[in-house]
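Participant: This is the structure I want to talk about, given as structure tokens.
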Amino acid sequence: MQLFVDMEAGTKMQSPEKETRLEISTMSVQSVPTFPLRSTDEKAIPFIGFGTAEYPFGASRDTLKETIIEAFKLGYRHFDTAAVYQSEQPLGEAISDALRLGIIKSRDELFITSKLWCSDAHHDLVLPALHKTLKNLKLEYVDLYLIHWPLSLKPGKPEFPFKKEDMVPMDIKSVWEAMEECNDIGLTKSIGVSNFSCKKLENLLSSARIPPAVNQVEMSPMWQQKKLRKFCEEKGIVVEAYSPLGAKGTAWGTNQVMECDVLKEIAQAKGKSVAQVCLRWAYEQGVCVIVKSFNKERMKQNLDIFDWRLSDDELLKISQLPQCKGYPALDFVSDDGPFKSLQEFWDGEI
């Protein structure tokens, strides 16, 4: 059984689930913990990332820059974007303004993640796509660049939803070689994937020269990803959770997390919000999280999870919650596409 660091007591605790955990260190910015990326000597990844995706994508474009600047002021330093989110440009403008105003002292304080959209998931399109991302962000490099989904679309503008007839199989070997090239020339400090199953990771690892540093996947108390987390721990891959609160209010989210009676009871007993309980739980599982709220008070609350802890009994109750994936990804399944069923897309991990 591995141990993890408890920020409140300064001691080490054991997990009631007897699961392996990644070693956690502490960063200087607002005492937000970080996780080492084992495939790089660059800076570690902060536990909490600020999500910039709001559906329909681009819906908050006009106000997103100011929201991100507010996030800087609260202490967020890890930001997650993607070509398809239409949030790279507002994030880039916010970074420029924050540096000019002295809200952040240097680019080195930040950890910026973006993602390669499916329409650019072709060997010769990866590098141009990253160049466009960097132009949008007004940056010389990103800290982490991810393959967004394990599927390609016919080349075109990054869009979601997309036409199912545009789906084509991904040549993961050649796409990953292009990702490795981006890493080699310093346009990204680390490379990784998103929404990859154990089987798809195994396939990638069989030919990768540089192994993926991160696998960003849906994860919450209602979809705990125990098998995938164990696999990633064994392979030295950091798991990063999106929709850790269930993504209520989005096209792909549900209210099953925020309305869970067990989580509500724990939150009430702790004097915390359900969101704080979910984020603290994720922290104690040894994964990073991407959390999105554009409400200043909730943005602040989401950082207030490091000076208290869940009891063994509370962790056990959460570990026994019935599991149900919030976003099954039906958009990526078609009788005429590379994946004919959800079971095939997720390799039975659903």
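Residues are referred to by chain and number: the chain letter is A, B, ... according to the order shown in the structure tokens, the number counts from 1 in that chain, and ligands are numbered separately from 1 in the order shown.
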Please provide as an MDAnalysis selection string all residues within 12 Å of Asp336 (chain A), with the sequence filter that same-chain residues fewer than 5 positions apart are discarded (counting only C-alpha atoms).

Facilitator: chainID A and resid 163:169 341

Participant: Quick check for you: according to DSSP on this backbone, which residues of region 244-345 of chain A are classed as strand (DSSP E)? Reply as a PyMOL selection string.

Facilitator: chain A and resi 288-291

Participant: Near Ile69 (chain A), counting only C-alpha atoms, which residues have an atom at most 9 Å away, once you skip same-chain residues fewer than 2 positions from it, shown as a PyMOL selection string?

Facilitator: chain A and resi 64-67+71-74+91+94-95+97-98+103

Participant: Write to file, as a short mmCIF file (atom, residue, chain, number, x, y, z; two decimals), in the first residue's frame, the residues of the selection just made, with N, CA and C atoms.

Facilitator:
```cif
data_model
loop_
_atom_site.label_atom_id
_atom_site.label_comp_id
_atom_site.auth_asym_id
_atom_site.auth_seq_id
_atom_site.Cartn_x
_atom_site.Cartn_y
_atom_site.Cartn_z
N LEU A 64 -14.60 35.53 -20.97
CA LEU A 64 -13.65 34.52 -20.47
C LEU A 64 -12.32 35.14 -20.04
N LYS A 65 -11.84 36.13 -20.77
CA LYS A 65 -10.55 36.74 -20.40
C LYS A 65 -10.58 37.29 -18.99
N GLU A 66 -11.64 38.02 -18.65
CA GLU A 66 -11.75 38.61 -17.31
C GLU A 66 -11.88 37.53 -16.24
N THR A 67 -12.59 36.45 -16.58
CA THR A 67 -12.73 35.33 -15.64
C THR A 67 -11.38 34.70 -15.35
N ALA A 71 -9.14 34.31 -11.96
CA ALA A 71 -8.57 33.04 -11.52
C ALA A 71 -7.10 33.21 -11.16
N PHE A 72 -6.36 33.98 -11.97
CA PHE A 72 -4.97 34.27 -11.63
C PHE A 72 -4.88 34.90 -10.24
N LYS A 73 -5.73 35.87 -9.99
CA LYS A 73 -5.71 36.60 -8.71
C LYS A 73 -5.99 35.67 -7.53
N LEU A 74 -6.84 34.66 -7.75
CA LEU A 74 -7.18 33.71 -6.68
C LEU A 74 -6.09 32.67 -6.44
N LEU A 91 -7.57 32.94 -23.41
CA LEU A 91 -6.57 32.56 -22.42
C LEU A 91 -5.25 33.27 -22.71
N ALA A 94 -5.51 36.83 -21.69
CA ALA A 94 -5.49 36.96 -20.23
C ALA A 94 -4.07 36.82 -19.69
N ILE A 95 -3.31 35.89 -20.24
CA ILE A 95 -1.92 35.71 -19.80
C ILE A 95 -1.11 36.97 -20.08
N ASP A 97 -2.18 40.05 -20.42
CA ASP A 97 -2.60 41.13 -19.52
C ASP A 97 -2.09 40.92 -18.10
N ALA A 98 -2.16 39.67 -17.64
CA ALA A 98 -1.73 39.37 -16.27
C ALA A 98 -0.24 39.61 -16.09
N ILE A 103 0.16 40.65 -12.23
CA ILE A 103 -0.63 39.67 -11.47
C ILE A 103 0.12 38.35 -11.38
#
```

Participant: Which is closer to Ser319 (chain A) than all the others in A:His78, A:Lys199, A:Lys226, A:Arg61, using only C-alpha atoms?

Facilitator: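 Once distances to Ser319 (chain A) are computed over only C-alpha atoms, the minimum belongs to A:Lys226.
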
Participant: Set the distance at 12 Å and use only C-alpha atoms: which residues neighbour His123 (chain A) once local chain neighbours fewer than 3 positions away are removed? I'd like the list as a ChimeraX atom specification.

Facilitator: /A:116,118-120,126-129,147,152,155,170-182

Participant: Just write the chosen residues, C-alpha atoms, as a PDB file, in the first residue's frame.

Facilitator:
```pdb
ATOM      1  CA  LEU A 116      -5.027  18.358 -30.615  1.00  0.00           C
ATOM      2  CA  CYS A 118      -9.505  15.029 -34.188  1.00  0.00           C
ATOM      3  CA  SER A 119      -9.497  16.845 -37.548  1.00  0.00           C
ATOM      4  CA  ASP A 120      -5.782  17.560 -37.040  1.00  0.00           C
ATOM      5  CA  VAL A 126       0.000  17.887 -35.785  1.00  0.00           C
ATOM      6  CA  LEU A 127       2.853  20.405 -35.936  1.00  0.00           C
ATOM      7  CA  PRO A 128       0.827  23.052 -37.847  1.00  0.00           C
ATOM      8  CA  ALA A 129      -2.022  22.591 -35.338  1.00  0.00           C
ATOM      9  CA  ILE A 147      -4.378  14.035 -28.229  1.00  0.00           C
ATOM     10  CA  SER A 152      -9.392  11.094 -36.340  1.00  0.00           C
ATOM     11  CA  PRO A 155      -9.063  17.338 -42.111  1.00  0.00           C
ATOM     12  CA  MET A 170      -6.455   7.156 -36.168  1.00  0.00           C
ATOM     13  CA  ASP A 171      -2.976   6.032 -37.172  1.00  0.00           C
ATOM     14  CA  ILE A 172      -1.805   6.361 -33.595  1.00  0.00           C
ATOM     15  CA  LYS A 173       1.805   5.392 -34.377  1.00  0.00           C
ATOM     16  CA  SER A 174       2.325   8.182 -36.918  1.00  0.00           C
ATOM     17  CA  VAL A 175       0.296  10.757 -34.958  1.00  0.00           C
ATOM     18  CA  TRP A 176       2.298  10.027 -31.832  1.00  0.00           C
ATOM     19  CA  GLU A 177       5.565  10.318 -33.757  1.00  0.00           C
ATOM     20  CA  ALA A 178       4.463  13.845 -34.707  1.00  0.00           C
ATOM     21  CA  MET A 179       3.614  14.564 -31.056  1.00  0.00           C
ATOM     22  CA  GLU A 180       7.096  13.351 -30.086  1.00  0.00           C
ATOM     23  CA  GLU A 181       8.586  15.722 -32.676  1.00  0.00           C
ATOM     24  CA  CYS A 182       6.691  18.629 -31.061  1.00  0.00           C
TER      25      CYS A 182
END
```

Participant: Go through A:Val84, A:Val257, A:Leu303, A:Leu263 and flag the residue nearest Phe162 (chain A), using only C-alpha atoms for the distances.

Facilitator: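 For Phe162 (chain A), the nearest of the given residues is A:Val84.
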
Participant: Going by DSSP on the backbone, which bits of region 35-88 of chain A are alpha helix (DSSP H)? Write them as number ranges by chain, please.

Facilitator: A: 61-74, 88

Participant: Dump N, CA and C atoms for the selected residues as a short mmCIF file (atom, residue, chain, number, x, y, z; two decimals), in the first residue's frame?

Facilitator:
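Output (again_12.cif):
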```
data_model
loop_
_atom_site.label_atom_id
_atom_site.label_comp_id
_atom_site.auth_asym_id
_atom_site.auth_seq_id
_atom_site.Cartn_x
_atom_site.Cartn_y
_atom_site.Cartn_z
N ARG A 61 -16.88 33.50 -24.66
CA ARG A 61 -15.67 34.10 -25.23
C ARG A 61 -15.49 35.56 -24.80
N ASP A 62 -16.58 36.33 -24.77
CA ASP A 62 -16.48 37.76 -24.48
C ASP A 62 -16.10 38.05 -23.03
N THR A 63 -16.43 37.14 -22.12
CA THR A 63 -16.15 37.38 -20.70
C THR A 63 -15.05 36.47 -20.14
N LEU A 64 -14.60 35.53 -20.97
CA LEU A 64 -13.65 34.52 -20.47
C LEU A 64 -12.32 35.14 -20.04
N LYS A 65 -11.84 36.13 -20.77
CA LYS A 65 -10.55 36.74 -20.40
C LYS A 65 -10.58 37.29 -18.99
N GLU A 66 -11.64 38.02 -18.65
CA GLU A 66 -11.75 38.61 -17.31
C GLU A 66 -11.88 37.53 -16.24
N THR A 67 -12.59 36.45 -16.58
CA THR A 67 -12.73 35.33 -15.64
C THR A 67 -11.38 34.70 -15.35
N ILE A 68 -10.58 34.52 -16.38
CA ILE A 68 -9.25 33.92 -16.20
C ILE A 68 -8.34 34.83 -15.39
N ILE A 69 -8.42 36.13 -15.63
CA ILE A 69 -7.63 37.07 -14.83
C ILE A 69 -8.02 36.98 -13.36
N GLU A 70 -9.32 36.83 -13.10
CA GLU A 70 -9.78 36.64 -11.72
C GLU A 70 -9.21 35.35 -11.13
N ALA A 71 -9.14 34.31 -11.96
CA ALA A 71 -8.57 33.04 -11.52
C ALA A 71 -7.10 33.21 -11.16
N PHE A 72 -6.36 33.98 -11.97
CA PHE A 72 -4.97 34.27 -11.63
C PHE A 72 -4.88 34.90 -10.24
N LYS A 73 -5.73 35.87 -9.99
CA LYS A 73 -5.71 36.60 -8.71
C LYS A 73 -5.99 35.67 -7.53
N LEU A 74 -6.84 34.66 -7.75
CA LEU A 74 -7.18 33.71 -6.68
C LEU A 74 -6.09 32.67 -6.44
N GLU A 88 -8.58 29.25 -26.54
CA GLU A 88 -7.14 29.50 -26.54
C GLU A 88 -6.83 31.00 -26.65
#
```

Participant: When distances are computed from only C-alpha atoms, which of A:Leu245, A:Lys235, A:Gln301, A:Pro150 shows the smallest separation from Phe339 (chain A)?

Facilitator: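 Ranking A:Leu245, A:Lys235, A:Gln301, A:Pro150 by distance to Phe339 (chain A), first place goes to A:Pro150.
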
Participant: Give me, as a CSV table (one decimal) with N, CA, C and O atoms, in the first residue's frame, all polymer residues having an atom no more than 8 Å from Ala83 (chain A), counting only C-alpha atoms and skipping those fewer than 2 positions away in the same chain.

Facilitator:
```csv
chain,number,residue,atom,x,y,z
A,81,THR,N,-7.1,24.1,-21.9
A,81,THR,CA,-7.8,24.6,-23.1
A,81,THR,C,-7.7,23.5,-24.2
A,81,THR,O,-7.1,22.5,-24.0
A,85,TYR,N,-12.3,24.2,-28.1
A,85,TYR,CA,-13.0,24.9,-27.1
A,85,TYR,C,-13.2,26.4,-27.5
A,85,TYR,O,-14.0,27.1,-26.9
A,86,GLN,N,-12.4,26.9,-28.5
A,86,GLN,CA,-12.4,28.3,-28.8
A,86,GLN,C,-12.0,29.2,-27.6
A,86,GLN,O,-12.5,30.4,-27.5
A,87,SER,N,-11.2,28.7,-26.8
A,87,SER,CA,-10.8,29.4,-25.6
A,87,SER,C,-9.3,29.7,-25.5
A,87,SER,O,-8.8,30.4,-24.6
A,88,GLU,N,-8.6,29.3,-26.5
A,88,GLU,CA,-7.1,29.5,-26.5
A,88,GLU,C,-6.8,31.0,-26.6
A,88,GLU,O,-6.0,31.5,-25.9
A,114,SER,N,-3.0,22.3,-23.8
A,114,SER,CA,-4.0,22.4,-24.8
A,114,SER,C,-4.0,21.0,-25.5
A,114,SER,O,-3.3,20.1,-25.2
A,115,LYS,N,-5.0,20.9,-26.5
A,115,LYS,CA,-5.3,19.5,-27.0
A,115,LYS,C,-5.4,19.6,-28.5
A,115,LYS,O,-6.0,20.6,-29.1
A,116,LEU,N,-4.9,18.6,-29.2
A,116,LEU,CA,-5.0,18.4,-30.6
A,116,LEU,C,-6.4,17.8,-31.0
A,116,LEU,O,-6.8,16.8,-30.5
A,117,TRP,N,-7.2,18.6,-31.8
A,117,TRP,CA,-8.5,18.1,-32.2
A,117,TRP,C,-8.4,17.0,-33.3
A,117,TRP,O,-7.4,16.9,-34.0
A,133,THR,N,-2.1,26.8,-32.2
A,133,THR,CA,-2.5,26.9,-30.8
A,133,THR,C,-1.5,27.9,-30.1
A,133,THR,O,-2.0,28.8,-29.3
A,158,PRO,N,-11.6,22.7,-36.6
A,158,PRO,CA,-12.0,22.0,-35.3
A,158,PRO,C,-13.4,22.4,-35.0
A,158,PRO,O,-13.7,23.5,-34.7
```

Participant: Write out as a list in words the residues lying within 9 Å of Phe345 (chain A), counting only C-alpha atoms and excluding same-chain residues fewer than 5 positions away.

Facilitator: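 Skipping anything fewer than 5 positions along the chain leaves Pro150, Ser197, Ala329, Phe332, Val333, Pro338, Phe339 and Lys340 of chain A.
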
Participant: Would you kindly return, as a ChimeraX atom specification, each protein, DNA or RNA residue with an atom no farther than 6 Å from any atom of Val239 (chain A), considering only C-alpha atoms and excluding same-chain residues fewer than 6 positions away?

Facilitator: /A:214-216,287

Participant: Save out the residues we just selected, C-alpha atoms, as a compact mmCIF listing (two decimals), in the first residue's frame.

Facilitator:
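Final file, selection_12.txt:
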```
# COMPACT_ATOMS: atom_id res chain seq x y z
CA VAL A 214 -0.79 12.23 -18.80
CA ASN A 215 -4.11 10.58 -19.62
CA GLN A 216 -6.97 13.06 -19.13
CA VAL A 287 -5.00 12.38 -9.53
```

Participant: Quick one: of A:Cys288, A:Leu310, A:Val142, A:Ile237, who's nearest to Gly271 (chain A), counting only C-alpha atoms?

Facilitator: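 The shortest atom-to-atom distance to Gly271 (chain A) comes from A:Leu310.
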
Participant: Which distance in Å separates CA of Cys278 (chain A) and CA of Phe231 (chain A), to one decimal?

Facilitator: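 According to the coordinates, CA of Cys278 (chain A) and CA of Phe231 (chain A) are separated by 22.1 Å.
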
Participant: Just checking: using only C-alpha atoms, which residue out of A:Pro221, A:Gly92, A:Pro322, A:Gly49 ends up closest to Phe111 (chain A)?

Facilitator: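 Using only C-alpha atoms, Phe111 (chain A) sits closest to A:Gly49.
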